[in-house]
>>> print(open('target.tsv').read())   # TSV, C-alpha atoms
chain	number	residue	atom	x	y	z
A	730	MET	CA	-22.19	15.23	-16.17
A	731	THR	CA	-19.18	16.10	-14.01
A	732	THR	CA	-16.01	14.18	-14.85
A	733	PRO	CA	-14.79	12.21	-11.81
A	734	THR	CA	-11.36	13.22	-10.52
A	735	PHE	CA	-8.76	10.87	-9.06
A	736	GLY	CA	-5.52	11.82	-7.36
A	737	PHE	CA	-2.52	9.49	-7.31
A	738	LEU	CA	1.12	9.41	-6.27
A	739	GLY	CA	2.96	10.69	-9.31
A	740	PRO	CA	4.29	11.86	-11.62
A	741	PRO	CA	2.87	9.62	-14.37
A	742	GLY	CA	4.71	6.32	-14.62
A	743	THR	CA	4.47	5.15	-11.00
A	744	PHE	CA	3.21	1.79	-9.77
A	745	THR	CA	0.40	3.77	-8.16
A	746	GLN	CA	-0.74	4.95	-11.59
A	747	GLU	CA	-0.58	1.35	-12.82
A	748	ALA	CA	-2.79	0.30	-9.92
A	749	LEU	CA	-5.20	3.18	-10.58
A	750	LEU	CA	-5.53	2.23	-14.23
A	751	GLN	CA	-6.82	-1.17	-13.12
A	752	VAL	CA	-9.91	0.45	-11.62
A	753	VAL	CA	-10.35	3.72	-13.55
A	754	ASP	CA	-10.81	4.38	-17.25
A	755	PRO	CA	-8.55	7.36	-18.05
A	756	GLU	CA	-10.80	8.28	-20.95
A	757	SER	CA	-13.73	8.96	-18.62
A	758	ALA	CA	-11.94	10.44	-15.61
A	759	GLU	CA	-9.45	13.18	-14.84
A	760	LEU	CA	-6.28	11.83	-13.25
A	761	ILE	CA	-4.25	14.32	-11.20
A	762	TYR	CA	-0.87	13.44	-9.75
A	763	TYR	CA	0.70	14.69	-6.52
A	764	PRO	CA	4.36	14.34	-5.52
A	765	THR	CA	3.76	12.74	-2.09
A	766	VAL	CA	1.31	10.34	-0.46
A	767	GLU	CA	0.27	12.95	2.09
A	768	GLU	CA	-0.65	15.43	-0.61
A	769	VAL	CA	-2.85	12.87	-2.35
A	770	ILE	CA	-4.77	12.11	0.84
A	771	LEU	CA	-5.08	15.77	1.84
A	772	ALA	CA	-6.32	16.62	-1.66
A	773	VAL	CA	-9.13	14.11	-1.19
A	774	GLU	CA	-9.96	15.48	2.25
A	775	GLY	CA	-10.04	19.01	0.85
A	776	HIS	CA	-12.28	17.95	-2.09
A	777	GLU	CA	-9.64	18.91	-4.68
A	778	VAL	CA	-10.25	15.41	-6.06
A	779	ALA	CA	-13.08	12.97	-5.40
A	780	GLN	CA	-10.87	9.96	-4.69
A	781	GLY	CA	-7.20	9.12	-4.36
A	782	MET	CA	-4.99	6.07	-4.90
A	783	VAL	CA	-1.97	5.51	-2.62
A	784	PRO	CA	0.29	2.59	-1.71
A	785	ILE	CA	-0.27	1.20	1.79
A	786	GLU	CA	1.73	-2.01	2.12
A	787	ASN	CA	4.49	-3.99	0.43
A	788	SER	CA	5.10	-7.68	0.99
A	789	VAL	CA	8.86	-7.11	1.40
A	790	GLU	CA	9.21	-3.72	3.08
A	791	GLY	CA	5.94	-3.71	5.01
A	792	THR	CA	3.66	-0.77	5.70
A	793	VAL	CA	3.93	2.56	3.90
A	794	ASN	CA	3.97	4.67	7.06
A	795	ALA	CA	3.16	7.91	5.26
A	796	THR	CA	-0.19	6.45	4.21
A	797	ILE	CA	-1.36	5.01	7.52
A	798	ASP	CA	-0.12	8.06	9.42
A	799	ALA	CA	-2.05	10.42	7.14
A	800	LEU	CA	-5.22	8.31	7.46
A	801	GLY	CA	-4.79	7.65	11.16
A	802	PHE	CA	-3.68	11.05	12.45
A	803	GLU	CA	-4.00	13.81	9.86
A	804	THR	CA	-7.46	13.40	8.36
A	805	ASP	CA	-11.09	12.98	9.40
A	806	GLY	CA	-14.06	11.82	7.39
A	807	LEU	CA	-12.10	9.78	4.84
A	808	CYS	CA	-12.50	6.05	4.33
A	809	ILE	CA	-10.80	3.33	2.36
A	810	GLN	CA	-13.15	2.30	-0.46
A	811	ARG	CA	-11.26	-0.52	-2.17
A	812	GLU	CA	-7.85	-2.12	-2.47
A	813	VAL	CA	-5.72	-3.26	-5.39
A	814	ILE	CA	-2.81	-5.71	-5.18
A	815	LEU	CA	-0.14	-5.38	-7.85
A	816	PRO	CA	2.85	-7.67	-8.47
A	817	VAL	CA	6.10	-5.72	-8.24
A	818	ARG	CA	8.33	-5.92	-11.30
A	819	LEU	CA	11.24	-3.51	-11.06
A	820	HIS	CA	13.81	-2.86	-13.78
A	821	LEU	CA	17.01	-0.85	-14.09
A	822	LEU	CA	16.27	2.01	-16.48
A	823	GLY	CA	18.68	4.33	-18.27
A	824	ARG	CA	19.08	6.49	-21.33
A	825	THR	CA	19.38	4.67	-24.63
A	826	GLY	CA	22.85	3.24	-25.09
A	827	THR	CA	23.83	3.47	-21.41
A	828	THR	CA	25.77	0.44	-20.20
A	829	ILE	CA	25.76	-0.85	-16.66
A	830	GLU	CA	29.48	-0.05	-16.38
A	831	GLU	CA	28.76	3.67	-16.90
A	832	ILE	CA	26.26	3.96	-14.07
A	833	ASN	CA	27.47	5.75	-10.94
A	834	GLU	CA	24.12	6.79	-9.43
A	835	VAL	CA	20.82	4.94	-9.00
A	836	TYR	CA	17.58	6.81	-8.28
A	837	SER	CA	14.34	5.42	-6.91
A	838	MET	CA	11.97	5.63	-3.97
A	839	PRO	CA	13.31	3.92	-0.81
A	840	HIS	CA	10.70	1.14	-0.85
A	841	ALA	CA	11.87	0.21	-4.36
A	842	THR	CA	15.63	0.28	-3.79
A	843	ALA	CA	15.16	-1.67	-0.54
A	844	GLN	CA	13.69	-4.52	-2.58
A	845	CYS	CA	16.81	-4.58	-4.78
A	846	ARG	CA	19.58	-4.42	-2.16
A	847	ARG	CA	21.22	-7.72	-3.06
A	848	TRP	CA	21.07	-7.06	-6.80
A	849	LEU	CA	22.53	-3.57	-6.41
A	850	ARG	CA	25.25	-4.82	-4.10
A	851	THR	CA	26.23	-7.51	-6.62
A	852	HIS	CA	25.96	-5.56	-9.89
A	853	LEU	CA	26.46	-1.90	-8.89
A	854	PRO	CA	28.49	-1.99	-5.67
A	855	LYS	CA	30.08	1.44	-6.25
A	856	ALA	CA	26.94	3.28	-7.33
A	857	THR	CA	25.42	5.91	-5.04
A	858	ILE	CA	21.78	5.21	-4.18
A	859	ILE	CA	19.70	8.40	-4.18
A	860	ALA	CA	16.14	8.60	-2.85
A	861	ALA	CA	13.28	9.99	-4.91
A	862	ASN	CA	9.63	10.52	-3.99
A	863	SER	CA	8.50	7.96	-6.57
A	864	THR	CA	9.84	5.60	-9.21
A	865	ALA	CA	8.49	7.95	-11.89
A	866	GLU	CA	10.29	10.95	-10.42
A	867	ALA	CA	13.47	8.87	-10.46
A	868	ALA	CA	12.93	7.99	-14.13
A	869	GLY	CA	12.34	11.64	-14.95
A	870	ARG	CA	15.57	12.72	-13.31
A	871	VAL	CA	17.53	10.15	-15.31
A	872	ALA	CA	15.78	11.13	-18.54
A	873	TYR	CA	16.27	14.89	-18.18
A	874	GLU	CA	19.14	15.48	-15.78
A	875	LYS	CA	21.52	12.56	-15.25
A	876	SER	CA	23.17	10.91	-18.24
A	877	SER	CA	25.38	8.55	-16.20
A	878	ALA	CA	22.64	7.50	-13.79
A	879	ALA	CA	19.92	4.87	-13.78
A	880	ALA	CA	16.53	4.56	-12.18
A	881	ILE	CA	14.74	1.58	-10.68
A	882	GLY	CA	11.14	1.52	-11.83
A	883	PRO	CA	8.39	-0.26	-13.76
A	884	ASN	CA	7.90	-0.67	-17.50
A	885	LEU	CA	5.38	2.18	-17.53
A	886	ALA	CA	8.04	4.63	-16.36
A	887	ALA	CA	10.43	3.42	-19.08
A	888	GLN	CA	7.75	3.94	-21.73
A	889	LEU	CA	6.69	7.39	-20.56
A	890	PHE	CA	10.24	8.74	-20.23
A	891	ALA	CA	11.68	6.95	-23.28
A	892	LEU	CA	14.22	5.06	-21.21
A	893	GLU	CA	15.87	1.76	-22.04
A	894	VAL	CA	15.58	-1.28	-19.79
A	895	ILE	CA	19.21	-2.04	-18.96
A	896	ALA	CA	18.41	-4.99	-16.69
A	897	ARG	CA	15.05	-6.65	-16.11
A	898	ASP	CA	13.55	-7.92	-12.85
A	899	VAL	CA	16.21	-6.62	-10.48
A	900	THR	CA	14.17	-7.32	-7.36
A	901	ASP	CA	15.58	-9.71	-4.78
A	902	HIS	CA	12.07	-11.10	-4.20
A	903	PRO	CA	10.34	-11.84	-7.53
A	904	GLU	CA	7.11	-12.79	-5.75
A	905	ALA	CA	6.77	-9.31	-4.15
A	906	GLU	CA	3.43	-7.50	-4.22
A	907	THR	CA	2.25	-4.03	-3.23
A	908	ARG	CA	-1.19	-3.22	-1.88
A	909	PHE	CA	-2.80	0.06	-2.88
A	910	VAL	CA	-5.99	1.63	-1.54
A	911	VAL	CA	-8.54	4.05	-2.93
A	912	VAL	CA	-9.64	6.66	-0.38
A	913	GLY	CA	-12.73	8.84	-0.58
A	914	HIS	CA	-15.58	10.29	1.44
A	915	GLU	CA	-18.31	7.71	0.85
A	916	PRO	CA	-18.18	4.28	2.54
A	917	ALA	CA	-18.09	1.21	0.30
A	918	PRO	CA	-21.15	-1.07	0.37
A	919	ARG	CA	-20.91	-4.63	1.63
A	920	SER	CA	-19.71	-7.04	-1.06
A	921	GLY	CA	-19.71	-10.31	0.88
A	922	ARG	CA	-15.92	-10.62	0.82
A	923	ASP	CA	-14.71	-7.57	2.69
A	924	LYS	CA	-12.01	-6.18	4.92
A	925	THR	CA	-12.27	-3.53	7.64
A	926	SER	CA	-9.42	-1.26	8.75
A	927	LEU	CA	-9.35	0.64	12.03
A	928	VAL	CA	-7.05	2.33	14.54
A	929	VAL	CA	-7.31	1.68	18.28
A	930	PHE	CA	-5.85	3.98	20.95
A	931	ILE	CA	-5.66	2.32	24.37
A	932	SER	CA	-6.71	4.21	27.50
A	933	VAL	CA	-3.85	3.13	29.78
A	934	ASP	CA	-0.64	1.29	28.99
A	935	ARG	CA	-1.06	-1.75	31.22
A	936	PRO	CA	-0.51	-5.52	31.09
A	937	GLY	CA	-3.20	-7.20	29.01
A	938	ALA	CA	-4.45	-4.05	27.26
A	939	LEU	CA	-3.73	-5.40	23.78
A	940	LEU	CA	-4.98	-8.87	24.73
A	941	GLU	CA	-8.30	-7.37	25.78
A	942	ILE	CA	-8.67	-5.82	22.32
A	943	LEU	CA	-7.75	-9.00	20.49
A	944	THR	CA	-10.03	-11.14	22.64
A	945	GLU	CA	-13.13	-9.31	21.42
A	946	PHE	CA	-12.33	-10.41	17.86
A	947	ALA	CA	-11.12	-13.90	18.77
A	948	ASN	CA	-14.27	-14.63	20.79
A	949	ARG	CA	-16.33	-13.90	17.68
A	950	ASP	CA	-14.08	-15.86	15.32
A	951	ILE	CA	-13.10	-12.71	13.41
A	952	ASN	CA	-9.79	-13.17	11.61
A	953	LEU	CA	-7.26	-10.34	11.85
A	954	THR	CA	-5.21	-10.01	8.67
A	955	LYS	CA	-2.91	-7.32	10.04
A	956	LEU	CA	-1.89	-5.89	13.42
A	957	GLU	CA	0.72	-3.15	13.70
A	958	SER	CA	1.69	-0.67	16.38
A	959	ARG	CA	2.58	2.94	15.55
A	960	PRO	CA	3.67	5.85	17.77
A	961	THR	CA	0.78	8.19	18.60
A	962	LYS	CA	3.00	11.23	17.83
A	963	ARG	CA	2.31	12.62	21.30
A	964	VAL	CA	4.50	10.96	23.94
A	965	LEU	CA	7.58	8.79	23.58
A	966	GLY	CA	6.60	5.19	24.21
A	967	GLU	CA	2.88	5.72	23.57
A	968	TYR	CA	1.51	3.55	20.77
A	969	CYS	CA	-1.74	2.86	18.96
A	970	PHE	CA	-2.70	-0.20	16.91
A	971	PHE	CA	-3.65	-0.38	13.24
A	972	ILE	CA	-5.83	-3.43	12.62
A	973	ASP	CA	-7.18	-5.05	9.46
A	974	LEU	CA	-9.85	-7.70	9.91
A	975	GLU	CA	-12.03	-9.85	7.71
A	976	GLY	CA	-15.60	-8.65	7.38
A	977	HIS	CA	-17.64	-5.48	6.86
A	978	LEU	CA	-18.99	-2.98	9.35
A	979	ASP	CA	-22.45	-3.96	8.15
A	980	ASP	CA	-21.82	-7.57	9.24
A	981	ALA	CA	-23.58	-8.07	12.56
A	982	ILE	CA	-20.65	-9.88	14.18
A	983	VAL	CA	-18.15	-7.15	13.19
A	984	ALA	CA	-20.48	-4.39	14.35
A	985	GLU	CA	-20.96	-6.19	17.66
A	986	ALA	CA	-17.22	-6.56	18.26
A	987	ILE	CA	-16.53	-2.91	17.54
A	988	GLY	CA	-19.51	-1.81	19.61
A	989	VAL	CA	-18.25	-3.77	22.62
A	990	LEU	CA	-14.66	-2.61	22.13
A	991	ASP	CA	-15.35	1.11	21.61
A	992	PRO	CA	-16.10	2.04	25.26
A	993	LYS	CA	-13.10	0.03	26.49
A	994	VAL	CA	-10.49	2.10	24.63
A	995	ALA	CA	-9.52	5.77	24.55
A	996	LYS	CA	-10.41	6.13	20.88
A	997	LEU	CA	-11.41	3.87	18.01
A	998	LYS	CA	-11.11	5.33	14.52
A	999	LEU	CA	-12.68	3.45	11.62
A	1000	LEU	CA	-10.74	3.69	8.35
A	1001	GLY	CA	-13.35	1.91	6.26
A	1002	SER	CA	-14.78	-1.40	5.09
A	1003	TYR	CA	-14.10	-2.39	1.50
A	1004	PRO	CA	-13.88	-5.37	-0.87
A	1005	ARG	CA	-10.81	-7.54	-0.34
A	1006	ALA	CA	-8.46	-7.90	-3.29
A	1007	VAL	CA	-7.04	-11.31	-4.14
A	1008	GLY	CA	-3.27	-11.33	-3.84
A	1009	ARG	CA	-0.88	-14.26	-4.23
A	1010	LEU	CA	-1.34	-15.38	-0.61
A	1011	ASP	CA	-5.13	-15.14	-0.85
A	1012	ALA	CA	-5.07	-17.13	-4.08
A	1013	GLU	CA	-3.00	-19.86	-2.41
A	1014	ARG	CA	-5.40	-19.96	0.57
A	1015	LEU	CA	-8.41	-20.23	-1.73
A	1016	ALA	CA	-6.71	-23.02	-3.69
A	1017	ARG	CA	-5.95	-24.92	-0.46
A	1018	ARG	CA	-9.53	-24.53	0.72
A	1019	ALA	CA	-10.81	-25.76	-2.66
A	1020	ARG	CA	-8.53	-28.81	-2.51
A	1021	ALA	CA	-9.60	-29.54	1.07
A	1022	ALA	CA	-13.29	-29.26	0.12
A	1023	LYS	CA	-12.74	-31.57	-2.84
A	1024	ALA	CA	-10.95	-34.08	-0.63
A	1025	ARG	CA	-13.77	-34.00	1.93
A	1026	ALA	CA	-16.35	-34.48	-0.82
A	1027	GLY	CA	-14.45	-37.51	-2.07
A	1028	THR	CA	-14.59	-39.22	1.31
A	1029	GLU	CA	-18.30	-38.66	1.84
>>> encode(input="target.tsv", output="structure tokens")
Amino acid sequence: MTTPTFGFLGPPGTFTQEALLQVVDPESAELIYYPTVEEVILAVEGHEVAQGMVPIENSVEGTVNATIDALGFETDGLCIQREVILPVRLHLLGRTGTTIEEINEVYSMPHATAQCRRWLRTHLPKATIIAANSTAEAAGRVAYEKSSAAAIGPNLAAQLFALEVIARDVTDHPEAETRFVVVGHEPAPRSGRDKTSLVVFISVDRPGALLEILTEFANRDINLTKLESRPTKRVLGEYCFFIDLEGHLDDAIVAEAIGVLDPKVAKLKLLGSYPRAVGRLDAERLARRARAAKARAGTE
């Protein structure tokens, strides 16, 4: 039997690896890391690995543009197969014995340091912030290259690089979460609680063009969980729309909406239908619905 292969944003010790370990048993699969999001996705497209895990959205900093751009513009034939939502716990990591007073440089990926701006401004106002491709790369640089520096990263990075946690939970938003997606070549089957992602390119930039797109979903009571514009990379001022909606392509109502919409736009690219993960916001919505249902039952 062939061992399944999974690519992820590395090196080992990243949040992406943590997310991957929630869905893959490392004892029964080969995990291969790549230094950038684009390289993970292109490795899947080129069949270097069967599937890949990449970050796609953060509750504080928003969309990971490298991911949606690679899926929307640089690849064909790939689809999102599932999503994982991971709480973000970031710590200040340094070599054993390093004190916060000794730190003059802080390494991490921009999405991570952006979530710690207030903490860094308060506790390390004179430190230089240096970008890395991942939190694990940042930890590695501190471990092997920079004795008077620190990294911002997760516990896993501290463990793998034998670093000490100098300060815990340095994020400005302790409730922050990051959404990761698994990409592959085979579409995910309908689960009954799904999400569909797609990209829509409008034919002509005109008043009401976006409204016409949204109306097709609203008329069918399809909830959109995300709507974001991105440059098409062709002409200044030309944009396309990345949309996440509730439901699966195999749901009749979703298929109908997309079928009606497709001839009205210049291009519609499906990025996949996949099971929805339960994040903090979803959990709160489910709890509210459960309370409302209980209250209705009590009045009947």
>>> closest_residue(input="target.tsv", among="A:Arg1005, A:Arg818, A:Arg959, A:His776", to="A:Val929", atoms="only C-alpha atoms")
A:Arg959
>>> atom_distance(input="target.tsv", atom1="atom CA of A:Trp848", atom2="atom CA of A:Leu819")
11.3 Å
>>> atom_distance(input="target.tsv", atom1="atom CA of A:Val928", atom2="atom CA of A:Ala947")
17.3 Å
>>> residues_around(input="target.tsv", residues="A:Ile859", least_positions_apart="3", cutoff="9 Å", atoms="all atoms listed in the file", output="MDAnalysis selection string")
chainID A and resid 834:839 867
>>> write_last_selection(input="target.tsv", atoms="C-alpha atoms", output="PDB file, in the coordinates of the input")
ATOM      1  CA  GLU A 834      24.120   6.790  -9.430  1.00  0.00           C
ATOM      2  CA  VAL A 835      20.820   4.940  -9.000  1.00  0.00           C
ATOM      3  CA  TYR A 836      17.580   6.810  -8.280  1.00  0.00           C
ATOM      4  CA  SER A 837      14.340   5.420  -6.910  1.00  0.00           C
ATOM      5  CA  MET A 838      11.970   5.630  -3.970  1.00  0.00           C
ATOM      6  CA  PRO A 839      13.310   3.920  -0.810  1.00  0.00           C
ATOM      7  CA  ALA A 867      13.470   8.870 -10.460  1.00  0.00           C
TER       8      ALA A 867
END
>>> closest_residue(input="target.tsv", among="A:Gly1001, A:Ala860, A:Cys969, A:Lys855", to="A:Thr925", atoms="only C-alpha atoms")
A:Gly1001
>>> closest_residue(input="target.tsv", among="A:Thr828, A:Thr900, A:Gln780, A:Ser1002", to="A:Leu849", atoms="all atoms listed in the file")
A:Thr900
